[in-house]
>>> print(open('final.txt').read())   # compact mmCIF, N, CA and C atoms
# COMPACT_ATOMS: atom_id res chain seq x y z
N MET A 1 145.52 101.21 48.06
CA MET A 1 144.60 102.15 47.46
C MET A 1 143.94 102.95 48.59
N SER A 2 144.03 104.28 48.47
CA SER A 2 143.45 105.14 49.50
C SER A 2 141.93 105.22 49.32
N ARG A 3 141.27 105.78 50.31
CA ARG A 3 139.81 105.94 50.23
C ARG A 3 139.43 106.87 49.08
N TYR A 4 140.22 107.90 48.89
CA TYR A 4 139.96 108.83 47.79
C TYR A 4 140.03 108.11 46.45
N ASP A 5 141.05 107.30 46.25
CA ASP A 5 141.18 106.55 45.00
C ASP A 5 140.02 105.58 44.81
N LEU A 6 139.61 104.92 45.91
CA LEU A 6 138.47 104.01 45.84
C LEU A 6 137.21 104.77 45.39
N PHE A 7 136.99 105.92 45.99
CA PHE A 7 135.83 106.73 45.60
C PHE A 7 135.92 107.16 44.14
N ARG A 8 137.08 107.68 43.75
CA ARG A 8 137.26 108.21 42.40
C ARG A 8 137.16 107.13 41.33
N ARG A 9 137.67 105.97 41.58
CA ARG A 9 137.71 104.92 40.55
C ARG A 9 136.50 103.99 40.56
N ARG A 10 135.89 103.77 41.70
CA ARG A 10 134.82 102.77 41.79
C ARG A 10 133.44 103.38 42.06
N ILE A 11 133.36 104.19 43.08
CA ILE A 11 132.05 104.68 43.53
C ILE A 11 131.54 105.83 42.67
N ALA A 12 132.39 106.78 42.31
CA ALA A 12 131.96 107.94 41.53
C ALA A 12 131.34 107.55 40.18
N PRO A 13 131.94 106.64 39.39
CA PRO A 13 131.30 106.27 38.12
C PRO A 13 129.93 105.60 38.31
N VAL A 14 129.81 104.78 39.35
CA VAL A 14 128.52 104.13 39.62
C VAL A 14 127.48 105.18 40.00
N ALA A 15 127.86 106.12 40.85
CA ALA A 15 126.93 107.19 41.26
C ALA A 15 126.53 108.04 40.05
N PHE A 16 127.48 108.31 39.17
CA PHE A 16 127.18 109.08 37.96
C PHE A 16 126.19 108.34 37.07
N LEU A 17 126.40 107.07 36.83
CA LEU A 17 125.48 106.28 36.00
C LEU A 17 124.09 106.18 36.64
N LEU A 18 124.04 106.04 37.94
CA LEU A 18 122.77 106.00 38.64
C LEU A 18 122.01 107.33 38.48
N ALA A 19 122.73 108.43 38.60
CA ALA A 19 122.10 109.76 38.43
C ALA A 19 121.57 109.92 37.01
N ILE A 20 122.33 109.51 36.00
CA ILE A 20 121.88 109.60 34.61
C ILE A 20 120.63 108.73 34.41
N GLY A 21 120.61 107.55 35.01
CA GLY A 21 119.45 106.67 34.90
C GLY A 21 118.21 107.28 35.53
N LEU A 22 118.36 107.93 36.68
CA LEU A 22 117.22 108.57 37.33
C LEU A 22 116.69 109.74 36.51
N ILE A 23 117.59 110.50 35.91
CA ILE A 23 117.17 111.62 35.06
C ILE A 23 116.42 111.09 33.84
N ALA A 24 116.90 110.03 33.23
CA ALA A 24 116.23 109.45 32.07
C ALA A 24 114.86 108.90 32.46
N ARG A 25 114.75 108.24 33.59
CA ARG A 25 113.47 107.70 34.06
C ARG A 25 112.46 108.83 34.30
N ASP A 26 112.90 109.90 34.95
CA ASP A 26 112.02 111.03 35.21
C ASP A 26 111.55 111.66 33.91
N SER A 27 112.44 111.77 32.94
CA SER A 27 112.08 112.32 31.64
C SER A 27 111.03 111.46 30.93
N CYS A 28 111.17 110.17 31.01
CA CYS A 28 110.20 109.27 30.38
C CYS A 28 108.85 109.32 31.08
N GLU A 29 108.85 109.44 32.40
CA GLU A 29 107.59 109.48 33.14
C GLU A 29 106.83 110.76 32.89
N LYS A 30 107.52 111.85 32.59
CA LYS A 30 106.83 113.11 32.32
C LYS A 30 105.96 113.02 31.08
N SER A 31 106.31 112.18 30.14
CA SER A 31 105.50 112.05 28.93
C SER A 31 104.20 111.31 29.21
N HIS A 32 104.10 110.63 30.37
CA HIS A 32 102.90 109.90 30.73
C HIS A 32 101.98 110.72 31.63
N ARG A 33 102.19 111.99 31.71
CA ARG A 33 101.37 112.86 32.55
C ARG A 33 100.13 113.33 31.80
N THR A 34 99.08 113.61 32.55
CA THR A 34 97.84 114.13 31.99
C THR A 34 97.86 115.65 32.13
N HIS A 35 97.73 116.34 31.00
CA HIS A 35 97.75 117.80 30.99
C HIS A 35 96.31 118.30 30.92
N THR A 36 95.94 119.13 31.88
CA THR A 36 94.58 119.65 31.95
C THR A 36 94.61 121.05 32.56
N THR A 37 93.53 121.77 32.40
CA THR A 37 93.38 123.11 32.96
C THR A 37 92.23 123.08 33.95
N VAL A 38 92.41 123.73 35.08
CA VAL A 38 91.37 123.81 36.11
C VAL A 38 90.91 125.25 36.21
N GLU A 39 89.60 125.45 36.25
CA GLU A 39 89.05 126.78 36.44
C GLU A 39 88.00 126.74 37.54
N LEU A 40 88.25 127.51 38.60
CA LEU A 40 87.28 127.61 39.69
C LEU A 40 86.24 128.65 39.31
N GLN A 41 84.98 128.27 39.40
CA GLN A 41 83.89 129.18 39.05
C GLN A 41 83.32 129.77 40.34
N LEU A 42 83.61 131.05 40.56
CA LEU A 42 83.20 131.73 41.78
C LEU A 42 81.82 132.36 41.67
N GLY A 43 81.38 132.64 40.46
CA GLY A 43 80.06 133.22 40.24
C GLY A 43 79.89 134.55 40.96
N ASP A 44 78.72 134.75 41.58
CA ASP A 44 78.42 136.01 42.26
C ASP A 44 79.24 136.20 43.53
N ALA A 45 79.84 135.14 44.04
CA ALA A 45 80.66 135.25 45.25
C ALA A 45 82.01 135.90 44.97
N ARG A 46 82.35 136.13 43.71
CA ARG A 46 83.66 136.71 43.34
C ARG A 46 83.92 138.02 44.08
N SER A 47 82.89 138.83 44.29
CA SER A 47 83.09 140.13 44.94
C SER A 47 83.48 139.99 46.41
N ARG A 48 83.17 138.86 47.05
CA ARG A 48 83.48 138.64 48.46
C ARG A 48 84.80 137.90 48.67
N VAL A 49 85.33 137.27 47.63
CA VAL A 49 86.53 136.45 47.75
C VAL A 49 87.77 137.33 47.78
N ARG A 50 88.59 137.17 48.82
CA ARG A 50 89.83 137.93 48.95
C ARG A 50 91.03 137.12 48.47
N ALA A 51 90.99 135.80 48.65
CA ALA A 51 92.11 134.96 48.21
C ALA A 51 91.65 133.52 48.07
N VAL A 52 92.35 132.78 47.20
CA VAL A 52 92.06 131.36 46.97
C VAL A 52 93.40 130.61 46.97
N ASP A 53 93.45 129.52 47.73
CA ASP A 53 94.59 128.61 47.72
C ASP A 53 94.08 127.22 47.38
N VAL A 54 94.77 126.54 46.47
CA VAL A 54 94.37 125.20 46.06
C VAL A 54 95.57 124.28 46.14
N ASP A 55 95.38 123.14 46.80
CA ASP A 55 96.36 122.05 46.78
C ASP A 55 95.79 120.95 45.90
N VAL A 56 96.55 120.49 44.93
CA VAL A 56 96.14 119.40 44.05
C VAL A 56 96.80 118.13 44.56
N VAL A 57 95.98 117.15 44.93
CA VAL A 57 96.48 115.93 45.57
C VAL A 57 96.10 114.73 44.71
N THR A 58 97.09 113.89 44.40
CA THR A 58 96.84 112.60 43.76
C THR A 58 97.48 111.54 44.65
N GLY A 59 96.71 110.53 44.97
CA GLY A 59 97.20 109.52 45.91
C GLY A 59 97.37 110.18 47.26
N ASP A 60 98.58 110.15 47.78
CA ASP A 60 98.85 110.79 49.06
C ASP A 60 99.86 111.93 48.92
N GLN A 61 100.07 112.40 47.67
CA GLN A 61 101.04 113.45 47.41
C GLN A 61 100.38 114.72 46.90
N THR A 62 100.85 115.86 47.40
CA THR A 62 100.46 117.14 46.83
C THR A 62 101.34 117.37 45.62
N VAL A 63 100.73 117.42 44.42
CA VAL A 63 101.52 117.52 43.19
C VAL A 63 101.55 118.94 42.62
N ALA A 64 100.67 119.82 43.11
CA ALA A 64 100.66 121.20 42.63
C ALA A 64 99.95 122.08 43.64
N GLN A 65 100.28 123.37 43.59
CA GLN A 65 99.61 124.36 44.43
C GLN A 65 99.31 125.58 43.58
N PHE A 66 98.22 126.27 43.95
CA PHE A 66 97.80 127.49 43.24
C PHE A 66 97.41 128.52 44.29
N HIS A 67 97.78 129.77 44.05
CA HIS A 67 97.40 130.86 44.96
C HIS A 67 97.00 132.06 44.11
N ARG A 68 95.88 132.66 44.46
CA ARG A 68 95.44 133.89 43.81
C ARG A 68 94.86 134.78 44.88
N ALA A 69 95.25 136.06 44.91
CA ALA A 69 94.75 137.02 45.89
C ALA A 69 94.28 138.27 45.17
N ALA A 70 93.25 138.87 45.72
CA ALA A 70 92.73 140.11 45.17
C ALA A 70 93.53 141.29 45.73
N LEU A 71 93.76 142.28 44.91
CA LEU A 71 94.39 143.51 45.40
C LEU A 71 93.37 144.26 46.25
N PRO A 72 93.82 145.07 47.19
CA PRO A 72 92.88 145.82 48.03
C PRO A 72 91.93 146.66 47.18
N GLY A 73 90.64 146.51 47.44
CA GLY A 73 89.63 147.29 46.72
C GLY A 73 89.29 146.78 45.33
N ALA A 74 89.84 145.63 44.94
CA ALA A 74 89.61 145.09 43.59
C ALA A 74 89.02 143.69 43.68
N LEU A 75 88.41 143.25 42.59
CA LEU A 75 87.91 141.88 42.50
C LEU A 75 89.07 140.92 42.25
N ILE A 76 88.91 139.70 42.71
CA ILE A 76 89.92 138.68 42.46
C ILE A 76 89.89 138.32 40.97
N GLY A 77 91.03 138.05 40.41
CA GLY A 77 91.12 137.69 38.99
C GLY A 77 90.64 136.27 38.75
N PRO A 78 90.69 135.83 37.50
CA PRO A 78 90.25 134.47 37.19
C PRO A 78 91.12 133.43 37.90
N CYS A 79 90.48 132.44 38.46
CA CYS A 79 91.18 131.36 39.17
C CYS A 79 91.30 130.18 38.21
N ARG A 80 92.28 130.26 37.33
CA ARG A 80 92.49 129.27 36.28
C ARG A 80 93.97 128.90 36.27
N PHE A 81 94.26 127.59 36.24
CA PHE A 81 95.65 127.16 36.23
C PHE A 81 95.78 125.84 35.49
N GLU A 82 96.98 125.61 34.96
CA GLU A 82 97.26 124.40 34.19
C GLU A 82 97.99 123.39 35.06
N LEU A 83 97.73 122.11 34.77
CA LEU A 83 98.33 121.03 35.54
C LEU A 83 98.93 119.98 34.61
N ALA A 84 99.97 119.33 35.07
CA ALA A 84 100.52 118.12 34.46
C ALA A 84 100.51 117.08 35.57
N LEU A 85 99.56 116.17 35.51
CA LEU A 85 99.31 115.24 36.61
C LEU A 85 99.88 113.85 36.35
N PRO A 86 100.43 113.21 37.39
CA PRO A 86 100.93 111.85 37.22
C PRO A 86 99.81 110.81 37.20
N ALA A 87 98.60 111.19 37.63
CA ALA A 87 97.44 110.29 37.64
C ALA A 87 96.21 111.07 37.20
N ASP A 88 95.21 110.36 36.68
CA ASP A 88 94.00 111.03 36.19
C ASP A 88 93.04 111.43 37.31
N ASP A 89 93.10 110.74 38.44
CA ASP A 89 92.16 111.00 39.53
C ASP A 89 92.87 111.63 40.71
N GLY A 90 92.15 112.52 41.40
CA GLY A 90 92.72 113.18 42.57
C GLY A 90 91.67 114.04 43.21
N GLU A 91 92.16 114.99 44.00
CA GLU A 91 91.23 115.92 44.64
C GLU A 91 91.84 117.30 44.74
N LEU A 92 90.96 118.29 44.73
CA LEU A 92 91.35 119.68 44.91
C LEU A 92 90.98 120.05 46.34
N ARG A 93 91.95 120.51 47.10
CA ARG A 93 91.70 121.00 48.46
C ARG A 93 91.76 122.51 48.39
N ILE A 94 90.60 123.12 48.47
CA ILE A 94 90.44 124.54 48.20
C ILE A 94 90.22 125.29 49.51
N ASP A 95 90.98 126.35 49.71
CA ASP A 95 90.81 127.23 50.86
C ASP A 95 90.46 128.61 50.32
N VAL A 96 89.27 129.11 50.68
CA VAL A 96 88.80 130.39 50.17
C VAL A 96 88.73 131.38 51.33
N ASP A 97 89.42 132.51 51.17
CA ASP A 97 89.39 133.58 52.16
C ASP A 97 88.30 134.56 51.76
N LEU A 98 87.27 134.66 52.60
CA LEU A 98 86.16 135.57 52.34
C LEU A 98 86.26 136.84 53.18
N GLY A 99 87.44 137.13 53.67
CA GLY A 99 87.63 138.31 54.52
C GLY A 99 87.39 137.96 55.97
N ALA A 100 86.13 137.89 56.38
CA ALA A 100 85.79 137.61 57.77
C ALA A 100 85.86 136.12 58.11
N GLU A 101 85.88 135.27 57.10
CA GLU A 101 85.90 133.82 57.35
C GLU A 101 86.64 133.08 56.23
N HIS A 102 86.99 131.84 56.54
CA HIS A 102 87.63 130.94 55.57
C HIS A 102 86.68 129.78 55.32
N ARG A 103 86.65 129.30 54.10
CA ARG A 103 85.91 128.08 53.77
C ARG A 103 86.89 127.10 53.17
N ARG A 104 86.86 125.87 53.68
CA ARG A 104 87.70 124.79 53.15
C ARG A 104 86.80 123.82 52.42
N LEU A 105 87.12 123.57 51.16
CA LEU A 105 86.33 122.69 50.31
C LEU A 105 87.23 121.60 49.74
N ILE A 106 86.64 120.44 49.52
CA ILE A 106 87.37 119.35 48.86
C ILE A 106 86.53 118.89 47.68
N ARG A 107 87.15 118.84 46.50
CA ARG A 107 86.46 118.41 45.30
C ARG A 107 87.26 117.29 44.62
N PRO A 108 86.70 116.10 44.52
CA PRO A 108 87.37 115.06 43.74
C PRO A 108 87.30 115.40 42.25
N PHE A 109 88.25 114.91 41.48
CA PHE A 109 88.22 115.18 40.04
C PHE A 109 88.77 113.99 39.27
N HIS A 110 88.40 113.96 37.99
CA HIS A 110 88.97 113.03 37.02
C HIS A 110 89.44 113.89 35.85
N ALA A 111 90.73 113.91 35.61
CA ALA A 111 91.30 114.75 34.56
C ALA A 111 91.28 114.02 33.22
N VAL A 112 91.02 114.80 32.16
CA VAL A 112 91.04 114.29 30.80
C VAL A 112 92.10 115.10 30.04
N GLU A 113 92.94 114.43 29.29
CA GLU A 113 94.04 115.07 28.56
C GLU A 113 93.52 116.22 27.70
N GLY A 114 94.10 117.41 27.91
CA GLY A 114 93.79 118.57 27.10
C GLY A 114 92.48 119.26 27.42
N ALA A 115 91.73 118.78 28.40
CA ALA A 115 90.42 119.36 28.70
C ALA A 115 90.54 120.45 29.77
N THR A 116 89.46 121.21 29.90
CA THR A 116 89.35 122.19 30.99
C THR A 116 88.35 121.66 31.99
N LEU A 117 88.76 121.61 33.23
CA LEU A 117 87.93 121.11 34.32
C LEU A 117 87.33 122.32 35.03
N PHE A 118 86.00 122.51 34.90
CA PHE A 118 85.31 123.62 35.56
C PHE A 118 84.82 123.14 36.92
N VAL A 119 85.18 123.88 37.97
CA VAL A 119 84.83 123.50 39.33
C VAL A 119 83.93 124.58 39.92
N PRO A 120 82.61 124.35 39.96
CA PRO A 120 81.71 125.36 40.52
C PRO A 120 81.75 125.32 42.06
N ILE A 121 82.10 126.44 42.68
CA ILE A 121 82.13 126.50 44.13
C ILE A 121 81.27 127.64 44.67
N GLU A 122 80.55 128.30 43.80
CA GLU A 122 79.72 129.45 44.20
C GLU A 122 78.73 129.07 45.30
N GLY A 123 78.07 127.90 45.18
CA GLY A 123 77.08 127.49 46.15
C GLY A 123 77.65 127.31 47.55
N ASP A 124 78.91 126.92 47.66
CA ASP A 124 79.54 126.73 48.96
C ASP A 124 80.05 128.02 49.56
N LEU A 125 79.99 129.11 48.81
CA LEU A 125 80.50 130.38 49.30
C LEU A 125 79.38 131.34 49.68
N ALA A 126 78.14 130.87 49.64
CA ALA A 126 76.99 131.72 50.00
C ALA A 126 77.11 132.16 51.45
N PRO A 127 76.63 133.35 51.77
CA PRO A 127 76.67 133.82 53.17
C PRO A 127 75.90 132.87 54.08
N ARG A 128 76.41 132.68 55.29
CA ARG A 128 75.77 131.80 56.25
C ARG A 128 74.94 132.58 57.22
>>> encode(input="final.txt", output="structure tokens")
Amino acid sequence: MSRYDLFRRRIAPVAFLLAIGLIARDSCEKSHRTHTTVELQLGDARSRVRAVDVDVVTGDQTVAQFHRAALPGALIGPCRFELALPADDGELRIDVDLGAEHRRLIRPFHAVEGATLFVPIEGDLAPR
């Protein structure tokens, strides 16, 4: 029996079944995710904000990213995004571009299924 025959008859079917099993496992785990919406509240600082980047971290993994930038001469749009999280607890690592400076903020959160999580950051964006 050649190596090709060994692969075709023995290894390929096992690899195929393993792949199907992993796809089925991933599909089942997706139903256990927490779906929530996050809205960053910029308040009066909205006029100074040029861009916002958010990394959503649960455990030690970044599970989502969000980016919003203002067009030249315009206000930044609403910073609202939806998440499907593998865990209820995590943190938002927020980077705000204020033009002349950047502010890095970290906000822990607890997600509730179907809820909107309002994150006030206006106080941290006040001029220094």
>>> select_by_dssp(input="final.txt", residues="chain A", states="alpha helix (DSSP H)", output="list in words")
Arg3, Tyr4, Asp5, Leu6, Ala12, Pro13, Val14, Ala15, Phe16, Leu17, Leu18, Ala19, Ile20, Gly21, Leu22, Ile23, Ala24, Arg25, Asp26, Ser27, Cys28, Glu29 and Lys30 of chain A
>>> select_by_dssp(input="final.txt", residues="chain A", states="strand (DSSP E)", output="number ranges by chain")
A: 34-41, 51-58, 61-69, 79-85, 89-97, 102-110, 116-120
>>> residues_around(input="final.txt", residues="Asp53 (chain A)", least_positions_apart="6", cutoff="6 Å", atoms="only C-alpha atoms", output="compact mmCIF listing (two decimals) with N, CA and C atoms, in the coordinates of the input")
# COMPACT_ATOMS: atom_id res chain seq x y z
N PHE A 66 98.22 126.27 43.95
CA PHE A 66 97.80 127.49 43.24
C PHE A 66 97.41 128.52 44.29
N HIS A 67 97.78 129.77 44.05
CA HIS A 67 97.40 130.86 44.96
C HIS A 67 97.00 132.06 44.11
N ILE A 94 90.60 123.12 48.47
CA ILE A 94 90.44 124.54 48.20
C ILE A 94 90.22 125.29 49.51
N ASP A 95 90.98 126.35 49.71
CA ASP A 95 90.81 127.23 50.86
C ASP A 95 90.46 128.61 50.32
>>> closest_residue(input="final.txt", among="A:Leu17, A:Ala51, A:Cys79, A:Ala87", to="Val63 (chain A)", atoms="only C-alpha atoms")
A:Ala87
>>> residues_around(input="final.txt", residues="Ser47 (chain A)", least_positions_apart="6", cutoff="8 Å", atoms="all atoms listed in the file", output="list in words")
Ala74, Leu75, Ile76 and Leu98 of chain A
>>> residues_near_point(input="final.txt", point="(91.3, 124.3, 30.6)", cutoff="5 Å", atoms="only N, CA and C atoms", output="PyMOL selection string")
chain A and resi 37-38+115-117
>>> atom_distance(input="final.txt", atom1="CA of Arg25 (chain A)", atom2="CA of Leu85 (chain A)")
16.2 Å
>>> atom_distance(input="final.txt", atom1="atom C of Asp89 (chain A)", atom2="CA of Leu105 (chain A)")
16.0 Å
>>> residues_around(input="final.txt", residues="Arg103 (chain A)", least_positions_apart="5", cutoff="12 Å", atoms="only C-alpha atoms", output="mmCIF file with N, CA and C atoms, in the coordinates of the input")
data_model
loop_
_atom_site.group_PDB
_atom_site.id
_atom_site.type_symbol
_atom_site.label_atom_id
_atom_site.label_comp_id
_atom_site.auth_asym_id
_atom_site.auth_seq_id
_atom_site.Cartn_x
_atom_site.Cartn_y
_atom_site.Cartn_z
ATOM 1 N N VAL A 49 85.330 137.270 47.630
ATOM 2 C CA VAL A 49 86.530 136.450 47.750
ATOM 3 C C VAL A 49 87.770 137.330 47.780
ATOM 4 N N ARG A 50 88.590 137.170 48.820
ATOM 5 C CA ARG A 50 89.830 137.930 48.950
ATOM 6 C C ARG A 50 91.030 137.120 48.470
ATOM 7 N N ALA A 51 90.990 135.800 48.650
ATOM 8 C CA ALA A 51 92.110 134.960 48.210
ATOM 9 C C ALA A 51 91.650 133.520 48.070
ATOM 10 N N VAL A 52 92.350 132.780 47.200
ATOM 11 C CA VAL A 52 92.060 131.360 46.970
ATOM 12 C C VAL A 52 93.400 130.610 46.970
ATOM 13 N N ASP A 53 93.450 129.520 47.730
ATOM 14 C CA ASP A 53 94.590 128.610 47.720
ATOM 15 C C ASP A 53 94.080 127.220 47.380
ATOM 16 N N VAL A 54 94.770 126.540 46.470
ATOM 17 C CA VAL A 54 94.370 125.200 46.060
ATOM 18 C C VAL A 54 95.570 124.280 46.140
ATOM 19 N N ARG A 93 91.950 120.510 47.100
ATOM 20 C CA ARG A 93 91.700 121.000 48.460
ATOM 21 C C ARG A 93 91.760 122.510 48.390
ATOM 22 N N ILE A 94 90.600 123.120 48.470
ATOM 23 C CA ILE A 94 90.440 124.540 48.200
ATOM 24 C C ILE A 94 90.220 125.290 49.510
ATOM 25 N N ASP A 95 90.980 126.350 49.710
ATOM 26 C CA ASP A 95 90.810 127.230 50.860
ATOM 27 C C ASP A 95 90.460 128.610 50.320
ATOM 28 N N VAL A 96 89.270 129.110 50.680
ATOM 29 C CA VAL A 96 88.800 130.390 50.170
ATOM 30 C C VAL A 96 88.730 131.380 51.330
ATOM 31 N N ASP A 97 89.420 132.510 51.170
ATOM 32 C CA ASP A 97 89.390 133.580 52.160
ATOM 33 C C ASP A 97 88.300 134.560 51.760
ATOM 34 N N LEU A 98 87.270 134.660 52.600
ATOM 35 C CA LEU A 98 86.160 135.570 52.340
ATOM 36 C C LEU A 98 86.260 136.840 53.180
ATOM 37 N N ILE A 121 82.100 126.440 42.680
ATOM 38 C CA ILE A 121 82.130 126.500 44.130
ATOM 39 C C ILE A 121 81.270 127.640 44.670
ATOM 40 N N GLU A 122 80.550 128.300 43.800
ATOM 41 C CA GLU A 122 79.720 129.450 44.200
ATOM 42 C C GLU A 122 78.730 129.070 45.300
ATOM 43 N N GLY A 123 78.070 127.900 45.180
ATOM 44 C CA GLY A 123 77.080 127.490 46.150
ATOM 45 C C GLY A 123 77.650 127.310 47.550
ATOM 46 N N ASP A 124 78.910 126.920 47.660
ATOM 47 C CA ASP A 124 79.540 126.730 48.960
ATOM 48 C C ASP A 124 80.050 128.020 49.560
ATOM 49 N N LEU A 125 79.990 129.110 48.810
ATOM 50 C CA LEU A 125 80.500 130.380 49.300
ATOM 51 C C LEU A 125 79.380 131.340 49.680
ATOM 52 N N ALA A 126 78.140 130.870 49.640
ATOM 53 C CA ALA A 126 76.990 131.720 50.000
ATOM 54 C C ALA A 126 77.110 132.160 51.450
ATOM 55 N N PRO A 127 76.630 133.350 51.770
ATOM 56 C CA PRO A 127 76.670 133.820 53.170
ATOM 57 C C PRO A 127 75.900 132.870 54.080
ATOM 58 N N ARG A 128 76.410 132.680 55.290
ATOM 59 C CA ARG A 128 75.770 131.800 56.250
ATOM 60 C C ARG A 128 74.940 132.580 57.220
#
>>> atom_distance(input="final.txt", atom1="CA of Leu71 (chain A)", atom2="atom N of Leu92 (chain A)")
25.5 Å
>>> closest_residue(input="final.txt", among="A:Arg3, A:Arg9, A:Ala15, A:Leu40", to="Val119 (chain A)", atoms="all atoms listed in the file")
A:Leu40
